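As stored in structure.txt (compact mmCIF, C-alpha atoms):
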```
# COMPACT_ATOMS: atom_id res chain seq x y z
CA MET Y 1 0.00 0.00 0.00
CA GLY Y 2 1.31 3.40 -0.86
CA ALA Y 3 1.19 6.16 1.66
CA ALA Y 4 -1.73 7.87 0.09
CA VAL Y 5 -2.49 11.02 1.98
CA GLY Y 6 -6.06 11.94 1.12
CA ARG Y 7 -8.51 14.37 2.47
CA ARG Y 8 -11.39 12.65 4.21
CA ARG Y 9 -14.80 14.12 4.53
CA ARG Y 10 -16.68 13.90 7.80
CA ALA Y 11 -19.99 15.16 9.07
CA SER Y 12 -19.84 17.59 11.93
CA VAL Y 13 -22.75 18.61 14.17
CA ASP Y 14 -23.21 22.05 15.69
CA GLN Y 15 -24.35 20.53 18.96
CA GLY Y 16 -25.66 23.81 20.36
CA GLY Y 17 -28.21 24.08 17.57
CA CYS Y 18 -29.15 20.40 17.28
CA VAL Y 19 -32.78 19.68 18.20
CA ALA Y 20 -32.16 15.92 18.53
CA CYS Y 21 -34.98 15.00 16.17
CA GLY Y 22 -33.09 12.03 14.74
CA CYS Y 23 -33.74 12.74 11.05
CA CYS Y 24 -30.01 12.28 10.42
CA VAL Y 25 -29.99 8.85 12.07
CA LYS Y 26 -32.71 7.60 9.74
CA VAL Y 27 -30.87 8.48 6.54
CA CYS Y 28 -27.31 7.51 7.48
CA PRO Y 29 -26.38 4.47 5.36
CA LEU Y 30 -23.56 3.50 7.75
CA SER Y 31 -25.24 4.10 11.12
CA ALA Y 32 -22.49 6.60 11.80
CA ILE Y 33 -24.64 9.14 13.61
CA GLN Y 34 -26.68 8.72 16.78
CA VAL Y 35 -28.76 10.94 19.03
CA VAL Y 36 -27.12 10.69 22.42
CA LYS Y 37 -29.31 10.91 25.54
CA GLY Y 38 -31.94 12.95 23.70
CA ILE Y 39 -29.70 16.00 23.72
CA THR Y 40 -27.77 16.11 20.48
CA ALA Y 41 -26.64 14.07 17.48
CA GLN Y 42 -23.08 12.76 17.55
CA VAL Y 43 -21.02 11.54 14.63
CA ASP Y 44 -18.90 8.40 14.85
CA LYS Y 45 -15.85 9.79 13.03
CA GLY Y 46 -14.52 6.30 12.44
CA ARG Y 47 -17.56 5.26 10.47
CA CYS Y 48 -18.59 8.47 8.74
CA VAL Y 49 -17.54 8.80 5.11
CA GLY Y 50 -18.97 12.29 4.68
CA CYS Y 51 -21.65 11.37 2.15
CA GLY Y 52 -23.70 14.36 3.27
CA LYS Y 53 -27.09 12.67 3.50
CA CYS Y 54 -27.52 13.74 7.12
CA ALA Y 55 -26.59 17.34 6.32
CA LYS Y 56 -29.14 17.42 3.53
CA GLU Y 57 -31.86 15.97 5.75
CA CYS Y 58 -31.21 17.95 8.95
CA PRO Y 59 -34.21 20.28 9.39
CA ALA Y 60 -32.18 22.71 11.49
CA SER Y 61 -29.26 22.61 9.01
CA VAL Y 62 -26.73 22.21 11.81
CA ILE Y 63 -24.71 19.43 10.14
CA THR Y 64 -21.85 20.39 7.87
CA ILE Y 65 -19.41 18.26 5.93
CA GLU Y 66 -15.84 19.08 6.81
CA GLU Y 67 -12.66 17.97 5.16
CA ALA Y 68 -9.77 16.73 7.22
CA THR Y 69 -6.41 15.23 6.32
CA ALA Y 70 -6.54 11.46 6.80
CA MET P 1 -32.15 3.66 3.94
CA ASN P 2 -29.84 1.07 5.36
CA ARG P 3 -32.44 -0.97 7.20
CA THR P 4 -35.64 -2.84 6.69
CA LYS P 5 -38.79 -1.02 7.71
CA LYS P 6 -40.14 -1.60 11.18
CA TRP P 7 -43.70 -1.33 12.41
CA TYR P 8 -43.05 2.15 13.78
CA ASP P 9 -42.08 3.43 10.34
CA TYR P 10 -45.77 3.30 9.47
CA LEU P 11 -47.02 5.47 12.32
CA TRP P 12 -47.68 8.25 9.81
CA ILE P 13 -50.82 6.25 8.98
CA ALA P 14 -51.99 6.67 12.58
CA SER P 15 -51.37 10.44 12.45
CA LEU P 16 -53.22 10.78 9.19
CA THR P 17 -56.10 8.62 10.44
CA TYR P 18 -56.31 10.76 13.59
CA LEU P 19 -56.72 13.94 11.54
CA ILE P 20 -59.35 12.32 9.32
CA LEU P 21 -61.32 10.89 12.26
CA GLY P 22 -61.64 14.41 13.66
CA PHE P 23 -63.77 15.28 10.65
CA PHE P 24 -66.23 12.49 11.48
CA ASN P 25 -66.40 12.44 15.27
CA ILE P 26 -64.60 15.05 17.31
CA LEU P 27 -64.42 12.77 20.35
CA PHE P 28 -61.60 10.86 18.64
CA ALA P 29 -59.50 13.94 19.42
CA TRP P 30 -58.96 12.50 22.90
CA LEU P 31 -56.64 9.92 21.33
CA GLY P 32 -54.23 12.78 20.63
CA LEU P 33 -53.30 12.79 24.29
CA LEU P 34 -51.10 9.81 23.44
CA CYS P 35 -48.89 12.19 21.43
CA PHE P 36 -48.45 14.26 24.58
CA PHE P 37 -47.96 11.63 27.24
CA ILE P 38 -45.86 9.06 25.37
CA PRO P 39 -42.99 11.46 24.47
CA LEU P 40 -43.06 12.93 27.97
CA LEU P 41 -42.96 9.52 29.63
CA ILE P 42 -40.16 8.34 27.33
CA ALA P 43 -38.15 11.48 28.15
CA ILE P 44 -38.82 11.35 31.90
CA ILE P 45 -38.38 7.60 32.38
CA GLY P 46 -36.03 6.69 29.53
CA GLY P 47 -34.11 9.98 29.34
CA ASN P 48 -34.14 10.05 25.56
CA LYS P 49 -36.05 11.35 22.55
CA ALA P 50 -36.99 7.98 21.09
CA TYR P 51 -40.45 9.37 20.36
CA CYS P 52 -39.08 12.06 18.03
CA ASN P 53 -36.39 9.74 16.70
CA ARG P 54 -38.64 6.78 15.92
CA TYR P 55 -42.30 7.00 16.74
CA CYS P 56 -43.47 10.47 15.71
CA GLY P 57 -46.10 9.84 13.04
CA ARG P 58 -46.45 13.51 12.25
CA GLY P 59 -42.73 13.80 11.49
CA GLN P 60 -43.00 10.75 9.25
CA LEU P 61 -45.95 12.32 7.46
CA PHE P 62 -43.91 15.46 6.76
CA THR P 63 -41.01 13.33 5.53
CA LEU P 64 -43.37 11.51 3.20
CA LEU P 65 -45.15 14.59 1.85
CA GLY P 66 -42.13 16.88 1.70
CA GLY P 67 -39.60 14.23 0.78
CA ARG P 68 -41.08 11.47 -1.32
CA PHE P 69 -43.92 13.56 -2.73
CA GLY P 70 -41.60 16.51 -3.28
CA LEU P 71 -43.87 19.10 -1.68
CA SER P 72 -40.97 20.88 0.05
CA ARG P 73 -38.66 23.58 -1.33
CA ARG P 74 -35.91 22.03 0.83
CA ARG P 75 -34.49 25.39 1.93
CA ASP P 76 -32.80 26.09 5.24
CA VAL P 77 -35.04 27.35 8.03
CA PRO P 78 -34.35 30.98 8.98
CA ARG P 79 -31.77 31.44 11.72
CA TRP P 80 -34.30 32.96 14.14
CA MET P 81 -36.55 29.93 13.85
CA LYS P 82 -33.91 27.61 15.25
CA SER P 83 -32.76 30.00 17.96
CA ARG P 84 -33.38 28.94 21.54
CA ALA P 85 -35.27 32.18 22.16
CA PHE P 86 -37.85 31.32 19.50
CA ARG P 87 -38.04 27.63 20.40
CA TYR P 88 -38.57 28.30 24.10
CA GLY P 89 -40.81 31.27 23.34
CA PHE P 90 -43.01 29.10 21.12
CA LEU P 91 -43.09 26.44 23.82
CA VAL P 92 -44.33 28.99 26.36
CA PHE P 93 -46.87 30.40 23.89
CA PHE P 94 -48.11 26.91 23.12
CA PHE P 95 -48.45 26.16 26.82
CA VAL P 96 -50.39 29.37 27.47
CA MET P 97 -52.77 28.53 24.62
CA PHE P 98 -53.08 24.98 25.91
CA PHE P 99 -54.03 26.12 29.40
CA LEU P 100 -56.49 28.61 27.91
CA MET P 101 -58.10 25.63 26.16
CA LEU P 102 -58.18 23.73 29.46
CA TRP P 103 -59.78 26.77 31.13
CA ASN P 104 -62.53 26.88 28.49
CA THR P 105 -63.09 23.17 29.08
CA TYR P 106 -63.37 23.81 32.79
CA LEU P 107 -65.92 26.57 32.21
CA VAL P 108 -68.12 24.14 30.27
CA PHE P 109 -67.73 21.52 33.00
CA ALA P 110 -68.67 24.12 35.61
CA GLY P 111 -71.74 25.16 33.62
CA ALA P 112 -70.48 28.72 33.20
CA GLN P 113 -70.16 28.43 29.44
CA ASP P 114 -72.01 26.57 26.68
CA LEU P 115 -70.34 24.02 24.45
CA ARG P 116 -68.80 25.70 21.40
CA GLN P 117 -68.80 23.37 18.43
CA VAL P 118 -65.91 25.06 16.67
CA VAL P 119 -62.32 24.19 15.84
CA THR P 120 -60.01 27.17 16.26
CA LEU P 121 -57.32 27.19 13.63
CA LEU P 122 -54.06 29.06 14.29
CA TRP P 123 -55.58 30.30 17.59
CA THR P 124 -57.67 32.77 15.58
CA PHE P 125 -60.00 31.35 12.96
CA LYS P 126 -63.10 29.68 14.36
CA LEU P 127 -64.23 27.01 11.94
CA PRO P 128 -67.72 25.55 12.37
CA TRP P 129 -67.34 21.86 13.18
CA HIS P 130 -70.83 20.87 14.34
CA TRP P 131 -71.09 17.99 11.84
CA ALA P 132 -68.50 16.05 13.81
CA TYR P 133 -70.48 16.09 17.05
CA ARG P 134 -73.58 14.05 17.71
CA GLY P 135 -73.65 14.19 21.50
CA THR P 136 -71.77 12.31 24.14
CA LEU P 137 -72.64 9.89 26.93
CA PHE P 138 -70.49 12.02 29.19
CA HIS P 139 -70.56 15.68 30.19
CA PRO P 140 -70.45 18.25 27.31
CA GLY P 141 -67.15 19.34 28.85
CA THR P 142 -65.53 16.21 27.44
CA ALA P 143 -66.63 17.34 23.97
CA GLN P 144 -65.32 20.85 24.64
CA PHE P 145 -61.92 19.36 25.45
CA ALA P 146 -62.08 17.33 22.22
CA PHE P 147 -62.82 20.45 20.15
CA GLY P 148 -60.01 22.32 21.89
CA PHE P 149 -57.50 19.53 21.63
CA TYR P 150 -58.28 18.89 17.98
CA SER P 151 -57.74 22.63 17.41
CA VAL P 152 -54.26 22.28 18.90
CA MET P 153 -53.47 19.24 16.79
CA LEU P 154 -54.84 20.70 13.56
CA THR P 155 -53.12 24.03 14.13
CA SER P 156 -49.74 22.40 14.71
CA THR P 157 -50.21 20.19 11.64
CA VAL P 158 -51.08 23.19 9.47
CA LEU P 159 -48.08 25.13 10.79
CA GLY P 160 -45.90 22.08 10.15
CA LEU P 161 -47.24 21.76 6.61
CA ILE P 162 -46.54 25.44 5.90
CA THR P 163 -42.94 25.20 7.10
CA MET P 164 -42.60 21.83 5.33
CA VAL P 165 -43.41 23.54 2.02
CA LEU P 166 -41.31 26.63 2.69
CA PHE P 167 -38.27 24.95 4.21
CA LYS P 168 -37.18 21.35 4.79
CA PRO P 169 -39.75 18.54 5.18
CA ARG P 170 -39.38 18.19 8.94
CA SER P 171 -38.88 21.89 9.74
CA TRP P 172 -41.66 21.50 12.30
CA CYS P 173 -39.25 19.41 14.40
CA VAL P 174 -37.08 22.51 14.87
CA TYR P 175 -39.74 24.36 16.85
CA CYS P 176 -42.11 21.53 17.87
CA PRO P 177 -43.07 22.30 21.49
CA MET P 178 -43.05 18.61 22.43
CA GLY P 179 -39.59 18.20 20.90
CA THR P 180 -38.28 21.27 22.70
CA MET P 181 -39.82 20.11 25.97
CA THR P 182 -38.51 16.54 25.75
CA GLN P 183 -35.03 17.81 24.84
CA LEU P 184 -35.19 20.11 27.85
CA ILE P 185 -36.22 17.18 30.05
CA CYS P 186 -33.36 15.08 28.66
CA ARG P 187 -30.89 17.92 29.24
CA THR P 188 -32.06 18.34 32.83
CA ARG P 189 -32.14 14.61 33.47
CA ASN P 190 -28.65 14.14 32.10
CA GLY P 191 -27.28 17.25 33.79
CA LYS P 192 -26.61 19.24 30.62
CA VAL P 193 -28.69 22.37 31.15
```

Will you turn the file into structure tokens for me?
Amino acid sequence: MGAAVGRRRRASVDQGGCVACGCCVKVCPLSAIQVVKGITAQVDKGRCVGCGKCAKECPASVITIEEATA
Amino acid sequence: MNRTKKWYDYLWIASLTYLILGFFNILFAWLGLLCFFIPLLIAIIGGNKAYCNRYCGRGQLFTLLGGRFGLSRRRDVPRWMKSRAFRYGFLVFFFVMFFLMLWNTYLVFAGAQDLRQVVTLLWTFKLPWHWAYRGTLFHPGTAQFAFGFYSVMLTSTVLGLITMVLFKPRSWCVYCPMGTMTQLICRTRNGKV
């Protein structure tokens, strides 16, 4: 394997604005996002591939897709 | 979707049926209390928002109409609408209106006011609804509560439909008083106020 340094996309939740409705959980194809204790959604950074489905679905638009060096 | 559908994915049928039943017999409105007590009990006992996350039929209905049927513009909700000030303010307003409805019910029970066979939409417009009432075995006050409660349910559905069209399908979830209240309960219960 070569040392491919890519930029990985990840979903990120503005937890202060999250209403914990769970719309993101329903559309995530990898079960990489959960609503924790009814307070806010949390992304499992290990699973998330940054497809953006949750961001598109979020009614409060508090999920953004961020790029980070892998 | 990454999973097979469960029974609770079809609760939108229950929400739709509830709204339709209100056109035939207003006393069915009492069933709407389930939408109040179940989320509260889940939040208080379970400490989570499983009701919003899984069982909310109204949310599913908005997803279906706004998503699959494409009746939503899919725009972001305005910033003020998702602010805590608006969400908590709307919760308080909703509560005040709810208690006003309870007060009117009490007045009918106490015999100080006659039964009003109207459904009040958006807390303002009084729609005649006499066709859905053919008497009750109980006190007329029980019917007054049904008219009042159905008004609350219809008003919130209409508001939700408006914001569904204007913004994202489940925009109602952003300012839903039950959602705000259960999140507040979960915050308090889990020490994150």

Return as JSON lines the residues of chain P lying at most 6 Å from chain Y, together with the closest atom-to-atom pair for each and the distance in Å to one decimal, counting all atoms listed in the file, with rows in chain order and ascending residue number.
```
{"residue": "P:Met1", "atom": "CA", "partner": "Y:Val27", "partner_atom": "CA", "distance": 5.6}
{"residue": "P:Asn2", "atom": "CA", "partner": "Y:Pro29", "partner_atom": "CA", "distance": 4.9}
{"residue": "P:Asn48", "atom": "CA", "partner": "Y:Gly38", "partner_atom": "CA", "distance": 4.1}
{"residue": "P:Lys49", "atom": "CA", "partner": "Y:Gly38", "partner_atom": "CA", "distance": 4.6}
{"residue": "P:Cys52", "atom": "CA", "partner": "Y:Cys21", "partner_atom": "CA", "distance": 5.4}
{"residue": "P:Asn53", "atom": "CA", "partner": "Y:Gly22", "partner_atom": "CA", "distance": 4.5}
{"residue": "P:Lys168", "atom": "CA", "partner": "Y:Pro59", "partner_atom": "CA", "distance": 5.6}
{"residue": "P:Arg170", "atom": "CA", "partner": "Y:Pro59", "partner_atom": "CA", "distance": 5.6}
{"residue": "P:Ser171", "atom": "CA", "partner": "Y:Pro59", "partner_atom": "CA", "distance": 5.0}
{"residue": "P:Val174", "atom": "CA", "partner": "Y:Ala60", "partner_atom": "CA", "distance": 6.0}
{"residue": "P:Gln183", "atom": "CA", "partner": "Y:Ile39", "partner_atom": "CA", "distance": 5.7}
{"residue": "P:Cys186", "atom": "CA", "partner": "Y:Gly38", "partner_atom": "CA", "distance": 5.6}
{"residue": "P:Arg187", "atom": "CA", "partner": "Y:Ile39", "partner_atom": "CA", "distance": 6.0}
```

* Asked: Could you work out how far atom CA of Val43 of chain Y lies from atom CA of Pro169 of chain P, giving the answer in Å with one decimal?
  ->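 Atom-to-atom, atom CA of Pro169 of chain P and atom CA of Val43 of chain Y are spaced 22.1 Å apart.
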
* **Spatial neighbours of segment 45-47 of chain Y, 10 Å, only C-alpha atoms, chain gap at least 3 places, as a list in words** =>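 What passes the distance filter is Arg9, Arg10, Ala11, Ser12, Leu30, Ser31, Ala32, Ile33, Gln42 and Gly50 of chain Y.
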
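When all atoms listed in the file are used to compute distances to Arg74 of chain P, the closest of the residues P:Leu34, P:Leu137, P:Ala14, P:Leu166 turns out to be P:Leu166.
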
* Which value, in Å to one decimal, gives the distance between atom CA of Gly66 of chain P and atom CA of Tyr10 of chain P? -> 16.1 Å

* **Closest of P:Gln144, P:Thr4, P:Thr155, P:Gln117 to Met97 of chain P - atom-to-atom distances counting only C-alpha atoms** => P:Thr155

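Going from atom CA of Ser15 of chain P to atom CA of Trp103 of chain P covers 26.2 Å.
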
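The shell of residues at most 9 Å from Thr105 of chain P, with only C-alpha atoms counted and near chain neighbours (fewer than 6 positions) removed, consists of Gln113, Leu115, Gly141, Thr142, Ala143, Gln144, Phe145 and Gly148 of chain P.
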